[in-house]
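One file, final.pdb, carrying PDB, C-alpha atoms:
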```
MODEL        1
ATOM      1  CA  MET A   1     -18.719  12.970  65.469  1.00  0.00           C
ATOM      2  CA  SER A   2     -21.219  12.172  68.185  1.00  0.00           C
ATOM      3  CA  LEU A   3     -24.660  10.900  67.358  1.00  0.00           C
ATOM      4  CA  PRO A   4     -27.662  12.834  68.627  1.00  0.00           C
ATOM      5  CA  SER A   5     -30.159  11.105  70.883  1.00  0.00           C
ATOM      6  CA  ASP A   6     -33.173   9.467  69.283  1.00  0.00           C
ATOM      7  CA  VAL A   7     -31.520   8.781  65.956  1.00  0.00           C
ATOM      8  CA  ILE A   8     -34.086   8.102  63.251  1.00  0.00           C
ATOM      9  CA  ALA A   9     -32.925   6.099  60.262  1.00  0.00           C
ATOM     10  CA  VAL A  10     -34.660   5.502  56.957  1.00  0.00           C
ATOM     11  CA  TYR A  11     -34.331   2.160  55.188  1.00  0.00           C
ATOM     12  CA  PRO A  12     -35.558   2.800  51.632  1.00  0.00           C
ATOM     13  CA  GLY A  13     -36.213   0.353  48.862  1.00  0.00           C
ATOM     14  CA  THR A  14     -38.719  -1.038  46.455  1.00  0.00           C
ATOM     15  CA  PHE A  15     -38.734  -4.340  48.393  1.00  0.00           C
ATOM     16  CA  ASP A  16     -40.546  -6.109  45.544  1.00  0.00           C
ATOM     17  CA  PRO A  17     -40.633  -8.463  47.345  1.00  0.00           C
ATOM     18  CA  ILE A  18     -38.838  -8.240  50.691  1.00  0.00           C
ATOM     19  CA  THR A  19     -36.149 -10.906  51.027  1.00  0.00           C
ATOM     20  CA  ASN A  20     -34.504 -12.410  54.083  1.00  0.00           C
ATOM     21  CA  GLY A  21     -31.455 -10.330  53.162  1.00  0.00           C
ATOM     22  CA  HIS A  22     -33.508  -7.137  53.505  1.00  0.00           C
ATOM     23  CA  LEU A  23     -34.873  -8.350  56.840  1.00  0.00           C
ATOM     24  CA  ASP A  24     -31.335  -9.037  58.089  1.00  0.00           C
ATOM     25  CA  ILE A  25     -30.286  -5.467  57.253  1.00  0.00           C
ATOM     26  CA  LEU A  26     -33.437  -4.112  58.899  1.00  0.00           C
ATOM     27  CA  GLU A  27     -32.869  -6.084  62.113  1.00  0.00           C
ATOM     28  CA  ARG A  28     -29.287  -4.879  62.277  1.00  0.00           C
ATOM     29  CA  ALA A  29     -30.372  -1.280  61.682  1.00  0.00           C
ATOM     30  CA  LEU A  30     -32.740  -1.598  64.648  1.00  0.00           C
ATOM     31  CA  ALA A  31     -29.760  -2.592  66.793  1.00  0.00           C
ATOM     32  CA  LEU A  32     -28.010   0.668  65.819  1.00  0.00           C
ATOM     33  CA  PHE A  33     -30.750   3.287  65.689  1.00  0.00           C
ATOM     34  CA  ASP A  34     -33.610   4.357  67.931  1.00  0.00           C
ATOM     35  CA  ARG A  35     -36.239   4.252  65.192  1.00  0.00           C
ATOM     36  CA  VAL A  36     -36.232   2.972  61.638  1.00  0.00           C
ATOM     37  CA  ILE A  37     -38.674   4.080  58.974  1.00  0.00           C
ATOM     38  CA  VAL A  38     -39.036   1.542  56.190  1.00  0.00           C
ATOM     39  CA  THR A  39     -39.890   3.465  53.057  1.00  0.00           C
ATOM     40  CA  ILE A  40     -41.413   1.802  50.070  1.00  0.00           C
ATOM     41  CA  ALA A  41     -40.142   3.882  47.185  1.00  0.00           C
ATOM     42  CA  SER A  42     -41.771   4.335  43.840  1.00  0.00           C
ATOM     43  CA  ASN A  43     -39.070   3.558  41.312  1.00  0.00           C
ATOM     44  CA  PRO A  44     -40.075   4.574  37.784  1.00  0.00           C
ATOM     45  CA  ARG A  45     -37.483   2.176  36.308  1.00  0.00           C
ATOM     46  CA  LYS A  46     -39.082  -0.859  37.941  1.00  0.00           C
ATOM     47  CA  GLN A  47     -42.516  -2.302  37.364  1.00  0.00           C
ATOM     48  CA  PRO A  48     -43.487  -3.878  40.696  1.00  0.00           C
ATOM     49  CA  LEU A  49     -45.094  -7.283  40.960  1.00  0.00           C
ATOM     50  CA  PHE A  50     -46.776  -6.334  44.242  1.00  0.00           C
ATOM     51  CA  THR A  51     -48.549  -3.122  45.229  1.00  0.00           C
ATOM     52  CA  ALA A  52     -46.866  -0.774  47.693  1.00  0.00           C
ATOM     53  CA  GLU A  53     -49.478  -1.729  50.275  1.00  0.00           C
ATOM     54  CA  GLU A  54     -48.784  -5.453  49.796  1.00  0.00           C
ATOM     55  CA  ARG A  55     -45.044  -4.850  50.130  1.00  0.00           C
ATOM     56  CA  THR A  56     -45.589  -2.836  53.313  1.00  0.00           C
ATOM     57  CA  ASP A  57     -47.769  -5.607  54.759  1.00  0.00           C
ATOM     58  CA  PHE A  58     -45.126  -8.244  53.938  1.00  0.00           C
ATOM     59  CA  ILE A  59     -42.473  -6.299  55.839  1.00  0.00           C
ATOM     60  CA  ARG A  60     -44.760  -5.437  58.756  1.00  0.00           C
ATOM     61  CA  ASP A  61     -45.871  -9.075  59.133  1.00  0.00           C
ATOM     62  CA  ALA A  62     -42.325 -10.446  58.907  1.00  0.00           C
ATOM     63  CA  MET A  63     -40.981  -7.985  61.454  1.00  0.00           C
ATOM     64  CA  LYS A  64     -43.850  -8.729  63.866  1.00  0.00           C
ATOM     65  CA  GLU A  65     -43.019 -12.430  63.607  1.00  0.00           C
ATOM     66  CA  LEU A  66     -39.396 -11.602  64.435  1.00  0.00           C
ATOM     67  CA  GLY A  67     -40.540  -9.513  67.421  1.00  0.00           C
ATOM     68  CA  HIS A  68     -39.325  -6.176  66.009  1.00  0.00           C
ATOM     69  CA  ASP A  69     -42.346  -3.979  65.547  1.00  0.00           C
ATOM     70  CA  ALA A  70     -42.220  -1.358  68.306  1.00  0.00           C
ATOM     71  CA  ARG A  71     -39.548   0.954  66.849  1.00  0.00           C
ATOM     72  CA  LEU A  72     -40.545   0.628  63.214  1.00  0.00           C
ATOM     73  CA  ASP A  73     -42.593   2.941  61.069  1.00  0.00           C
ATOM     74  CA  TYR A  74     -43.636   2.429  57.465  1.00  0.00           C
ATOM     75  CA  ALA A  75     -44.203   4.905  54.671  1.00  0.00           C
ATOM     76  CA  ILE A  76     -44.761   4.942  50.937  1.00  0.00           C
ATOM     77  CA  PHE A  77     -43.072   7.840  49.209  1.00  0.00           C
ATOM     78  CA  ASP A  78     -42.330   9.303  45.842  1.00  0.00           C
ATOM     79  CA  GLY A  79     -39.697  11.963  45.373  1.00  0.00           C
ATOM     80  CA  LEU A  80     -36.275  12.760  46.726  1.00  0.00           C
ATOM     81  CA  LEU A  81     -35.238  10.523  49.589  1.00  0.00           C
ATOM     82  CA  VAL A  82     -33.483  13.368  51.398  1.00  0.00           C
ATOM     83  CA  ASP A  83     -36.697  15.418  51.345  1.00  0.00           C
ATOM     84  CA  PHE A  84     -38.488  12.486  52.953  1.00  0.00           C
ATOM     85  CA  CYS A  85     -35.708  12.198  55.567  1.00  0.00           C
ATOM     86  CA  ARG A  86     -35.924  15.883  56.443  1.00  0.00           C
ATOM     87  CA  SER A  87     -39.721  15.739  56.706  1.00  0.00           C
ATOM     88  CA  ARG A  88     -39.442  12.921  59.261  1.00  0.00           C
ATOM     89  CA  GLY A  89     -36.422  14.212  61.206  1.00  0.00           C
ATOM     90  CA  ALA A  90     -34.269  11.301  60.003  1.00  0.00           C
ATOM     91  CA  THR A  91     -30.511  11.822  59.962  1.00  0.00           C
ATOM     92  CA  VAL A  92     -29.444   8.431  58.589  1.00  0.00           C
ATOM     93  CA  ILE A  93     -30.121   6.476  55.411  1.00  0.00           C
ATOM     94  CA  VAL A  94     -29.457   2.739  55.771  1.00  0.00           C
ATOM     95  CA  ARG A  95     -28.456   0.740  52.721  1.00  0.00           C
ATOM     96  CA  GLY A  96     -27.388  -2.868  52.346  1.00  0.00           C
ATOM     97  CA  LEU A  97     -24.443  -3.925  50.201  1.00  0.00           C
ATOM     98  CA  ARG A  98     -24.057  -7.343  48.601  1.00  0.00           C
ATOM     99  CA  ALA A  99     -21.276  -6.908  46.084  1.00  0.00           C
ATOM    100  CA  LEU A 100     -19.005  -4.411  44.392  1.00  0.00           C
ATOM    101  CA  ALA A 101     -21.708  -3.493  41.867  1.00  0.00           C
ATOM    102  CA  ASP A 102     -23.971  -2.455  44.770  1.00  0.00           C
ATOM    103  CA  PHE A 103     -21.208  -0.262  46.155  1.00  0.00           C
ATOM    104  CA  GLU A 104     -20.714   1.619  42.891  1.00  0.00           C
ATOM    105  CA  TYR A 105     -24.439   2.296  42.569  1.00  0.00           C
ATOM    106  CA  GLU A 106     -24.864   3.293  46.231  1.00  0.00           C
ATOM    107  CA  PHE A 107     -21.693   5.424  46.200  1.00  0.00           C
ATOM    108  CA  GLN A 108     -23.223   7.740  43.590  1.00  0.00           C
ATOM    109  CA  PHE A 109     -26.474   8.113  45.485  1.00  0.00           C
ATOM    110  CA  ALA A 110     -24.755   8.656  48.832  1.00  0.00           C
ATOM    111  CA  HIS A 111     -22.707  11.515  47.420  1.00  0.00           C
ATOM    112  CA  MET A 112     -25.697  13.110  45.738  1.00  0.00           C
ATOM    113  CA  ASN A 113     -27.773  12.770  48.907  1.00  0.00           C
ATOM    114  CA  ARG A 114     -24.985  14.324  50.956  1.00  0.00           C
ATOM    115  CA  ARG A 115     -24.785  17.228  48.527  1.00  0.00           C
ATOM    116  CA  LEU A 116     -28.540  17.764  48.740  1.00  0.00           C
ATOM    117  CA  ALA A 117     -28.778  17.261  52.515  1.00  0.00           C
ATOM    118  CA  PRO A 118     -25.428  17.561  54.335  1.00  0.00           C
ATOM    119  CA  GLY A 119     -27.035  16.624  57.673  1.00  0.00           C
ATOM    120  CA  VAL A 120     -28.207  13.222  56.450  1.00  0.00           C
ATOM    121  CA  GLU A 121     -25.575  10.464  56.540  1.00  0.00           C
ATOM    122  CA  SER A 122     -25.615   7.228  54.539  1.00  0.00           C
ATOM    123  CA  VAL A 123     -24.691   4.093  56.465  1.00  0.00           C
ATOM    124  CA  PHE A 124     -23.901   0.872  54.635  1.00  0.00           C
ATOM    125  CA  LEU A 125     -24.343  -2.570  56.145  1.00  0.00           C
ATOM    126  CA  MET A 126     -22.832  -5.611  54.503  1.00  0.00           C
ATOM    127  CA  THR A 127     -25.324  -8.351  53.908  1.00  0.00           C
ATOM    128  CA  ASP A 128     -24.934 -11.610  55.761  1.00  0.00           C
ATOM    129  CA  GLU A 129     -23.006 -14.179  53.728  1.00  0.00           C
ATOM    130  CA  ARG A 130     -26.104 -16.406  53.608  1.00  0.00           C
ATOM    131  CA  ASN A 131     -27.902 -13.727  51.596  1.00  0.00           C
ATOM    132  CA  HIS A 132     -25.162 -12.109  49.528  1.00  0.00           C
ATOM    133  CA  TYR A 133     -26.493 -13.485  46.236  1.00  0.00           C
ATOM    134  CA  VAL A 134     -30.196 -12.909  46.932  1.00  0.00           C
ATOM    135  CA  SER A 135     -32.061 -10.066  45.241  1.00  0.00           C
ATOM    136  CA  SER A 136     -35.745  -9.380  44.748  1.00  0.00           C
ATOM    137  CA  SER A 137     -35.282  -9.659  40.988  1.00  0.00           C
ATOM    138  CA  LEU A 138     -33.630 -13.072  41.275  1.00  0.00           C
ATOM    139  CA  VAL A 139     -36.316 -14.295  43.679  1.00  0.00           C
ATOM    140  CA  LYS A 140     -39.065 -13.243  41.235  1.00  0.00           C
ATOM    141  CA  GLU A 141     -37.269 -14.908  38.343  1.00  0.00           C
ATOM    142  CA  VAL A 142     -36.803 -18.187  40.211  1.00  0.00           C
ATOM    143  CA  ALA A 143     -40.386 -18.186  41.525  1.00  0.00           C
ATOM    144  CA  GLY A 144     -41.728 -17.290  38.073  1.00  0.00           C
ATOM    145  CA  LEU A 145     -39.968 -20.307  36.601  1.00  0.00           C
ATOM    146  CA  GLY A 146     -41.375 -22.607  39.272  1.00  0.00           C
ATOM    147  CA  GLY A 147     -38.283 -22.752  41.455  1.00  0.00           C
ATOM    148  CA  ASP A 148     -38.267 -23.061  45.222  1.00  0.00           C
ATOM    149  CA  VAL A 149     -37.572 -19.813  47.095  1.00  0.00           C
ATOM    150  CA  THR A 150     -37.877 -21.331  50.571  1.00  0.00           C
ATOM    151  CA  GLY A 151     -35.436 -19.657  52.937  1.00  0.00           C
ATOM    152  CA  LEU A 152     -34.931 -16.665  50.642  1.00  0.00           C
ATOM    153  CA  VAL A 153     -38.115 -14.798  51.561  1.00  0.00           C
ATOM    154  CA  PRO A 154     -40.565 -14.847  54.482  1.00  0.00           C
ATOM    155  CA  PRO A 155     -43.245 -17.567  54.234  1.00  0.00           C
ATOM    156  CA  GLN A 156     -46.052 -15.085  53.455  1.00  0.00           C
ATOM    157  CA  VAL A 157     -44.014 -13.747  50.509  1.00  0.00           C
ATOM    158  CA  GLN A 158     -43.369 -17.277  49.285  1.00  0.00           C
ATOM    159  CA  ARG A 159     -47.123 -17.958  49.331  1.00  0.00           C
ATOM    160  CA  ALA A 160     -47.892 -14.668  47.549  1.00  0.00           C
ATOM    161  CA  LEU A 161     -45.319 -15.455  44.849  1.00  0.00           C
ATOM    162  CA  ALA A 162     -46.900 -18.871  44.325  1.00  0.00           C
ATOM    163  CA  ARG A 163     -50.333 -17.234  43.936  1.00  0.00           C
ATOM    164  CA  LYS A 164     -48.980 -14.676  41.444  1.00  0.00           C
ATOM    165  CA  TYR A 165     -47.109 -17.167  39.305  1.00  0.00           C
ATOM    166  CA  ASN A 166     -48.979 -20.434  39.773  1.00  0.00           C
ATOM    167  CA  GLY A 167     -52.434 -19.316  40.800  1.00  0.00           C
ATOM    168  CA  LYS A 168     -52.057 -21.364  44.010  1.00  0.00           C
TER     169      LYS A 168
ENDMDL
END
```
Show the structure stored in the file as structure tokens.
Amino acid sequence: MSLPSDVIAVYPGTFDPITNGHLDILERALALFDRVIVTIASNPRKQPLFTAEERTDFIRDAMKELGHDARLDYAIFDGLLVDFCRSRGATVIVRGLRALADFEYEFQFAHMNRRLAPGVESVFLMTDERNHYVSSSLVKEVAGLGGDVTGLVPPQVQRALARKYNGK
């Protein structure tokens, strides 16, 4: 299979908050695809700590600091991911995998997405070993209990977590 020119990928997630593991996957996706659209998804099963706009700003600011802003777009969406992909001309969904449990979850969604939109492929990137245990949920739990999340999230996220949990 040959890839078409100007491949647009979508990197979806709740990103509540963005972690350095997410940023690693995003940087690597930029090395593979012409454009990446970071989509902040509404997930009815999760109650976000940060608004969708705050989460978008965290990602935008972190990627600017890393020098990767030119080929990125950002969107907030609610609905079927494949419908979003089709509306933006995206042919790839990028997902990060940390462990076997992630694979099982993502495997189901990849097959359903392929059934719904055969022209949209799912691509899985293994997380860097430095971040394989990091999740947004774990970061929130540690920060909420007063733990140090330095090195797990961008500095602006660390400050925002401190304000949310400690009023600082």
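Of the residues under consideration (A:Gly67, A:Gly96, A:Pro12, A:Gly79), A:Gly96 shows the shortest atom-to-atom contact distance to A:Ile25 when counting only C-alpha atoms.
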Could you tell me, as a PDB file with C-alpha atoms, keeping the file's coordinate frame, exactly which residues end up selected when the PyMOL selection byres ((chain A and resi 123-140) around 6) is applied to this structure?
```
ATOM      1  CA  ASP A  16     -40.546  -6.109  45.544  1.00  0.00           C
ATOM      2  CA  PRO A  17     -40.633  -8.463  47.345  1.00  0.00           C
ATOM      3  CA  GLY A  21     -31.455 -10.330  53.162  1.00  0.00           C
ATOM      4  CA  VAL A  94     -29.457   2.739  55.771  1.00  0.00           C
ATOM      5  CA  ARG A  95     -28.456   0.740  52.721  1.00  0.00           C
ATOM      6  CA  GLY A  96     -27.388  -2.868  52.346  1.00  0.00           C
ATOM      7  CA  LEU A  97     -24.443  -3.925  50.201  1.00  0.00           C
ATOM      8  CA  ARG A  98     -24.057  -7.343  48.601  1.00  0.00           C
ATOM      9  CA  SER A 122     -25.615   7.228  54.539  1.00  0.00           C
ATOM     10  CA  GLU A 141     -37.269 -14.908  38.343  1.00  0.00           C
ATOM     11  CA  VAL A 142     -36.803 -18.187  40.211  1.00  0.00           C
ATOM     12  CA  ALA A 143     -40.386 -18.186  41.525  1.00  0.00           C
ATOM     13  CA  GLY A 144     -41.728 -17.290  38.073  1.00  0.00           C
TER      14      GLY A 144
END
```
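Counting from atom CA of A:Gln108, the distance to atom CA of A:Val120 is 14.8 Å.
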Take the PyMOL selection byres ((chain A and resi 34) around 12), run it mentally on this structure, and tell me the resulting residues as a CSV table (one decimal) with C-alpha atoms, in the coordinates of the input.
```csv
chain,number,residue,atom,x,y,z
A,3,LEU,CA,-24.7,10.9,67.4
A,4,PRO,CA,-27.7,12.8,68.6
A,5,SER,CA,-30.2,11.1,70.9
A,6,ASP,CA,-33.2,9.5,69.3
A,7,VAL,CA,-31.5,8.8,66.0
A,8,ILE,CA,-34.1,8.1,63.3
A,9,ALA,CA,-32.9,6.1,60.3
A,10,VAL,CA,-34.7,5.5,57.0
A,27,GLU,CA,-32.9,-6.1,62.1
A,28,ARG,CA,-29.3,-4.9,62.3
A,29,ALA,CA,-30.4,-1.3,61.7
A,30,LEU,CA,-32.7,-1.6,64.6
A,31,ALA,CA,-29.8,-2.6,66.8
A,32,LEU,CA,-28.0,0.7,65.8
A,33,PHE,CA,-30.8,3.3,65.7
A,35,ARG,CA,-36.2,4.3,65.2
A,36,VAL,CA,-36.2,3.0,61.6
A,37,ILE,CA,-38.7,4.1,59.0
A,70,ALA,CA,-42.2,-1.4,68.3
A,71,ARG,CA,-39.5,1.0,66.8
A,72,LEU,CA,-40.5,0.6,63.2
A,73,ASP,CA,-42.6,2.9,61.1
A,90,ALA,CA,-34.3,11.3,60.0
A,91,THR,CA,-30.5,11.8,60.0
A,92,VAL,CA,-29.4,8.4,58.6
```
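Nearest-residue note for A:Leu161: choosing from A:Ser42, A:Thr19, A:Thr14, A:Gln47, the minimum distance belongs to A:Thr19, counting only C-alpha atoms.
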Discussion item. Which residues, named as in the file, does the PyMOL selection byres ((chain A and resi 59-65) around 9) pick out? Answer as a PyMOL selection string.
Written reply: chain A and resi 15+17-18+23+26-27+38+54-58+66-70+72-74+154-156
Go ahead and fit an axis-aligned box to every listed atom of stretch 6-15 of chain A plus 3 Å each side, and pass me the centre and edge lengths in Å, one decimal, as JSON.
```
{"center_x": -35.1, "center_y": 2.6, "center_z": 57.9, "size_x": 13.2, "size_y": 19.8, "size_z": 28.8}
```
Response to the item:
As a check of understanding: the span from atom CA of A:Thr39 to atom CA of A:Arg159 is 22.9 Å
Fill in: Which residue of A:Ala160, A:Leu152, A:Ile93, A:Ile40 approaches A:Phe77 most closely, using all atoms listed in the file
A:Ile40
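Atom CA of A:Val82 is found 6.3 Å from atom CA of A:Asn113.
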